[in-house]
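Q: Here it is: the structure, laid out below.
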Amino acid sequence: MKPFTFALRQEPPQRVDLSPLTPDRLAGKSIAQIEEIEIGVTRISTKVGDLFKISEGDLKNVRFEGGSTRFDLVGAKLLPGFAIHVEGDVGAQCGRLAKGGTITVAGSAGPHAASGNLGADIEIKGDAGDFLAGPLAGELAGMAGGRIIVRGKAGERAGDRLRRGILIIEGDAGEDFGARVIAGTIFCLGEARGRIGYLNKRGSIVLARGGCFGSTYVDCGAHELNFARLFARRLRNHSAQAAEVLSRRLRRYGGDTAVYGKGEILTPD
Amino acid sequence: MGTATLDGKAIALDEAYRHAAKILNRAAFPLIAGLGADIAGARAAVLLAERLKGVFDHLASRETLADIDVKRSFAMFTTTANEARIRSDCVVLIGPGLTRAWPGMLERLALDQPPRRGAQAQQPRKVIWVGPEGDEASAVPGAKAIPASAQELSGVLAAWRARFGGRPVALDPEKVSLIDGLVETLRAARFGVFVWSASTLDPLAIEMMQGLVIDLNATTRFTGVHIGARSGASGVTQAAGWMTGFPPRTGFGRGYPEHDPWRFEASRLVDSGEADAALWISAFDGEKPAWSRADLPLVTLAPAHAAASQGLFIEVGQPGVTHDSVLMSQETGGMTLRKASAPTDAPSVAQTIDSIMAEVSEGAWR
C-alpha cells in the first residue's frame with residue numbers, strides 16, 4: 001500500500017513545527033481536518049494545506065515529498081511501528097523524543113537531530129547540524145536509546161550528554177565530538193576535530209582515524225575485544241564501515257580521567 | 001531632547017516613533033536585538049517583543065548563555081566579589097583579559113591584601129593566574145602565573161581535576177608533580193575562589209571547572225566569581241528571567257515565550273531571512289549588529305556618536321552617564337542605582353520604546 005504523502009508545494013515562508021504530522025496524531029482525521037492544522041510559529045498563520053498537497057495512503061508510513069531546512073520537529077515523539085521518510089532536508093530537532101519507529105531523511109538535518117531519542121532508528125543520508133543527539137538547553141541528558149546514523153558530516157558537539165544508544169557518523173565530526181557523554185556508543189568514521197570526549201563519563205567513543213584527546217585519556221594498550229566483534233556483527237547491515245572498524249584490533253584509551261575515567265576511546269591499532 | 005534621522009536625514013521625534021512602529025508592525029517576525037540597555041530598557045524591550053509577537057536577543061548572549069548552560073544543565077557555585085574579597089585565602093584567576101572584561105576587578109577583589117574573615121583571616125592570600133595575557137598577572141604582587149593559551153585552558157582544568165581525584169593523566173612525571181603541587185594548594189585552601197569570564201572560557205571548560213569546585217567542596221570551601229558580559233548583559237538576563245522565565249534568545253511567535261538558543265539567535269534569524277525587521281538597541285556604546293544583511297528594515301537606538309546612516313536612527317542616552325539607571329553591578333552582584341555622571345536630556349531606552357509602543361496596538365498586524 002502506498003504511503004500517506006505530503007507533497008511540498010512551495011518553500012515554507014517561515015519555520016514550521018511539523019510535530020503534529022506523525023501517524024498517531026493524524027489517525028482519525030479527514031484530509032480537510034489535516035489541512036487546517038496550524039504549523040506556523042510566528043504571528044502569520046501557516047497551515048498544513050498552505051504548504052502540502054496531501055495524498056491519502058497507509059498511515060503507518062508517512063512520506064514527505066520535498067523537504068526544507070525550515071521543517072522543525074519532524075517525527076517528534078514518533079511511536080514504535082511507524083515510519084517517516086523525508087525526500088529532502090529537515091530543520092531542527094528531527095526525531096525529538098521519538099519512542100520508536102524509523103525516520104529516514106534523504107537530505108541533511110539541522111541542529112539537535114535525534115535529541116532525546118528514546119528508541120527510534122534514524123538515518124540521515126546527508127549531513128547533520130550541531131548537537132546531534134544532544135540535549136536541549138537546560139536538559140540533563142541527551143539521546144537515551146535507539147540508533148542514529150549520519151552518512152555525511154556532523155556539526156559541533158555531536159553526541160553531547162549521550163545517555164544510551166548508538167550514534168554513527170560516517171563522515172567528519174565537528175568540534176567537541178562526544179563531549180559529556182554519560183554512556184552509550186558513538187562512532188566517527190571520518191576526521192574528528194578539536195577536543196574529543198571531553199568530560200566523557202563511561203561512554204565508548206570509536207574513532208576510525210584517531211584524533212587528539214588531551215592528557216586525560218590514558219593508553220590502555222591494544223586489545224582483541226570479543227564484545228566489539230559481537231557488536232560489529234549486529235551493525236553490519238546498518239553501517240558496514242562501522243562494523244569493519246570495530247572488528248579490527250583496537251587500541252583503548254581510558255578516560256576522561258577528569259571525571260570517572262570509566263569511559264573509553266577505541267581506535268584501530 | 002534627542003535627535004532622530006531617517007537614512008541620515010533629520011526627522012521629527014514624533015514622526016520617528018510612528019515610523020519605527022510602522023516598520024515593526026509590518027514585519028511577520030520582528031527582532032528586538034542588541035538589547036544593550038539598563039533594567040528599565042530591558043523591561044520595555046521584552047514587553048515590546050511580547051506585544052509584537054517577536055523575539056529578543058542580547059548582543060553578548062553567547063557569553064551569558066555559556067554560564068547559564070552550566071548552571072541549568074550541571075551546577076554552579078558562585079559568590080559575590082565582596083565575599084571573595086573578605087574571605088578567600090586562595091584565588092585562581094582563569095584566562096586572559098579578565099581585567100579588560102572587568103576593569104575594577106583588582107581593586108574590588110583586593111588580591112594584594114589578606115582575607116579578613118574566618119580562621120584564614122590575616123593569612124597571606126595565595127593568587128594563581130592561569131593563562132594571563134602578557135604581563136597582566138604582574139598587577140597582582142606575589143601572584144603565581146601559569147602560562148597557557150586560551151585553547152589550552154580546558155585541558156589544564158581537566159588535568160587538575162583528574163589529579164585532584166587521584167586519577168592518572170598522560171603527562172610526563174615532571175608536569176604531573178607540578179600539577180599535584182598546585183592541587184595540594186587548592187586542597188589546603190580554607191575558602192577558595194575561581195574567577196573567570198565566559199568571553200574566554202567555553203561552556204565545557206566552565207563545566208569542568210565547576211566540577212572541580214564540587215569535588216573540592218567535599219573537604220573544603222570553594223566557589224566562583226563569574227565576570228558578566230558587556231552592555232548590561234547580566235541585568236538584561238535577570239529582567240528577561242523574571243518577565244518570561246527565560247534568558248535572552250526567547251521568542252513570542254506563538255503568543256507565549258519559547259526559549260531556543262539556536263532558533264532565536266539574532267544573527268541567524270536575520271541572515272536566514274526569518275526575521276524581517278529589527279530594532280537594534282545599544283545604549284552603552286553604540287556597538288553595531290553582527291549580522292551581514294544590509295537590506296533589513298532596521299530601527300537603531302544608540303547614543304548620538306553612533307548614529308546609523310542607514311535606516312531609522314533614534315538617539316538615546318547612555319545608562320548611568322546621561323541619565324540615572326538601575327544596572328546589575330559586578331561589584332556587589334545585585335541591582336544598583338547609578339547616578340548620571342554627565343546628565344543630558346537625551347531620552348532613555350525605556351522612554352523611547354514606550355513612545356514607539358504607544359503606536360503599536362496588540363493584534364494589529366498588517
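The way I read the labels, and the way they are meant: chains A, B, ... in the order of the C-alpha cells, residue 1 as the first residue of every chain, and ligand 1 as the first ligand shown, with later ones counted on from there.
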Residues of chain B near chain A: apply a cut-off of 8 Å, count only C-alpha atoms, and supply the list as a PyMOL selection string.
A: chain B and resi 28-29+53-54+69+72-74+155+158-163+165+167-171+204+208+252-255+260-261+274
Q: Save out the residues we just selected, N, CA and C atoms, as a compact mmCIF listing (two decimals), in the first residue's frame.
A:
# COMPACT_ATOMS: atom_id res chain seq x y z
N ALA B 28 6.53 40.22 9.86
CA ALA B 28 5.90 38.98 10.29
C ALA B 28 6.54 38.50 11.59
N PHE B 29 7.86 38.67 11.70
CA PHE B 29 8.57 38.17 12.87
C PHE B 29 9.67 39.18 13.25
N LYS B 53 4.69 39.95 19.13
CA LYS B 53 4.90 38.52 18.90
C LYS B 53 6.23 38.30 18.19
N GLY B 54 7.21 39.04 18.62
CA GLY B 54 8.54 38.94 18.03
C GLY B 54 9.48 38.15 18.92
N ASP B 69 24.16 27.90 30.73
CA ASP B 69 24.08 26.49 30.34
C ASP B 69 24.68 25.58 31.39
N ARG B 72 22.24 25.59 34.41
CA ARG B 72 20.97 24.87 34.29
C ARG B 72 21.11 23.40 33.90
N SER B 73 22.24 23.01 33.33
CA SER B 73 22.33 21.59 32.98
C SER B 73 23.37 20.86 33.83
N PHE B 74 24.07 21.59 34.70
CA PHE B 74 25.06 20.93 35.57
C PHE B 74 24.88 21.48 36.98
N GLY B 155 42.08 21.92 28.82
CA GLY B 155 42.92 20.77 29.11
C GLY B 155 43.60 20.89 30.47
N ALA B 158 41.09 20.12 33.12
CA ALA B 158 40.82 18.68 33.14
C ALA B 158 41.92 17.94 33.89
N ALA B 159 43.16 18.32 33.61
CA ALA B 159 44.28 17.64 34.27
C ALA B 159 44.26 17.89 35.78
N TRP B 160 43.94 19.11 36.19
CA TRP B 160 43.83 19.42 37.63
C TRP B 160 42.78 18.54 38.28
N ARG B 161 41.64 18.43 37.60
CA ARG B 161 40.53 17.69 38.21
C ARG B 161 40.87 16.20 38.29
N ALA B 162 41.55 15.69 37.25
CA ALA B 162 41.94 14.28 37.27
C ALA B 162 42.90 14.03 38.44
N ARG B 163 43.90 14.89 38.60
CA ARG B 163 44.88 14.70 39.67
C ARG B 163 44.27 14.94 41.04
N GLY B 165 41.40 14.06 41.91
CA GLY B 165 40.72 12.80 42.24
C GLY B 165 41.70 11.63 42.32
N ARG B 167 43.45 10.38 39.90
CA ARG B 167 43.39 9.55 38.70
C ARG B 167 44.55 9.90 37.76
N PRO B 168 44.92 8.97 36.89
CA PRO B 168 46.13 9.19 36.08
C PRO B 168 45.90 10.19 34.92
N VAL B 169 46.99 10.83 34.50
CA VAL B 169 46.96 11.66 33.29
C VAL B 169 48.15 11.27 32.42
N ALA B 170 47.99 11.47 31.13
CA ALA B 170 49.05 11.09 30.20
C ALA B 170 50.03 12.25 30.01
N LEU B 171 50.80 12.57 31.08
CA LEU B 171 51.78 13.65 31.01
C LEU B 171 53.08 13.13 31.62
N LEU B 204 32.03 24.08 28.11
CA LEU B 204 32.58 22.80 28.58
C LEU B 204 33.68 23.02 29.60
N MET B 208 33.82 21.92 33.50
CA MET B 208 34.95 21.19 34.10
C MET B 208 35.40 21.89 35.39
N PHE B 252 8.22 35.11 21.06
CA PHE B 252 6.80 35.11 21.42
C PHE B 252 5.94 34.80 20.20
N GLY B 253 6.53 34.15 19.17
CA GLY B 253 5.83 33.95 17.90
C GLY B 253 4.46 33.32 18.06
N ARG B 254 4.34 32.37 18.99
CA ARG B 254 3.05 31.70 19.16
C ARG B 254 2.25 32.30 20.30
N GLY B 255 2.70 33.45 20.80
CA GLY B 255 1.93 34.13 21.83
C GLY B 255 2.41 33.84 23.23
N ASP B 260 14.94 29.17 22.76
CA ASP B 260 15.74 28.26 21.95
C ASP B 260 17.01 29.00 21.52
N PRO B 261 18.15 28.65 22.14
CA PRO B 261 19.38 29.39 21.85
C PRO B 261 19.81 29.30 20.38
N GLU B 274 14.45 34.81 8.42
CA GLU B 274 13.28 34.52 9.26
C GLU B 274 12.77 35.77 9.97
Q: Leaving out Lys53 of chain A and any residue of its chain fewer than 6 positions from it, which residues lie within 7 Å of it when counting only C-alpha atoms, given as an NGL selection string?
A: :A and (6-9)
Q: I need the residue nearest Val91 of chain B from this list: B:His226, B:Arg125, B:Arg108, B:Arg62. Use only C-alpha atoms for the distance.
A: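 Using only C-alpha atoms, the shortest distance to Val91 of chain B belongs to B:Arg125.
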Q: If we count only C-alpha atoms, what is near Gly159 of chain A at a cut-off of 8 Å, once residues fewer than 4 positions away on the same chain are taken out, given as JSON, numbers by chain?
A: {"A": [131, 132, 133, 134, 142, 143, 167, 177, 178, 179, 181, 186]}
Q: Counting only C-alpha atoms, which of B:Ala306, B:Arg263, B:Met1, B:Gly273 gets nearest to Ser292 of chain B?
A: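 Among the listed residues, the smallest separation from Ser292 of chain B belongs to B:Gly273.
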Q: So that I can check the secondary structure, give me every residue of segment 244-294 of chain B assigned strand (DSSP E) by backbone DSSP, as a ChimeraX atom specification.
A: /B:250-251,258-259,278-282
Q: Calculated over only C-alpha atoms, which of the candidates A:Gly107, A:Pro20, A:Gly146, A:Gly95 has the smallest distance to Thr69 of chain A?
A: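 Distance minimum relative to Thr69 of chain A lands on A:Gly107.
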Q: Between atom CA of Thr200 of chain B and atom CA of Gly190 of chain A, what is the distance in Å, rounded to a tenth?
A: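 About the pair atom CA of Thr200 of chain B and atom CA of Gly190 of chain A: they are 29.2 Å apart.
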Q: Considering only C-alpha atoms, state which residue in the set B:Ala37, B:Leu48, B:Ala240, B:Ala27 is at the smallest distance from Val360 of chain B.
A: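 Using only C-alpha atoms, the shortest distance to Val360 of chain B belongs to B:Leu48.
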Q: Could I get the residues of segment 10-116 of chain B with an atom no further than 8 Å from an atom of segment 311-317 of chain B, each paired with its nearest atom pair and that distance in Å to one decimal, using only C-alpha atoms, sorted by chain and residue number, as JSON lines?
A:
{"residue": "B:Leu13", "atom": "CA", "partner": "B:Ile314", "partner_atom": "CA", "distance": 7.8}
{"residue": "B:Ala16", "atom": "CA", "partner": "B:Ile314", "partner_atom": "CA", "distance": 7.2}
{"residue": "B:Ala20", "atom": "CA", "partner": "B:Leu312", "partner_atom": "CA", "distance": 7.2}
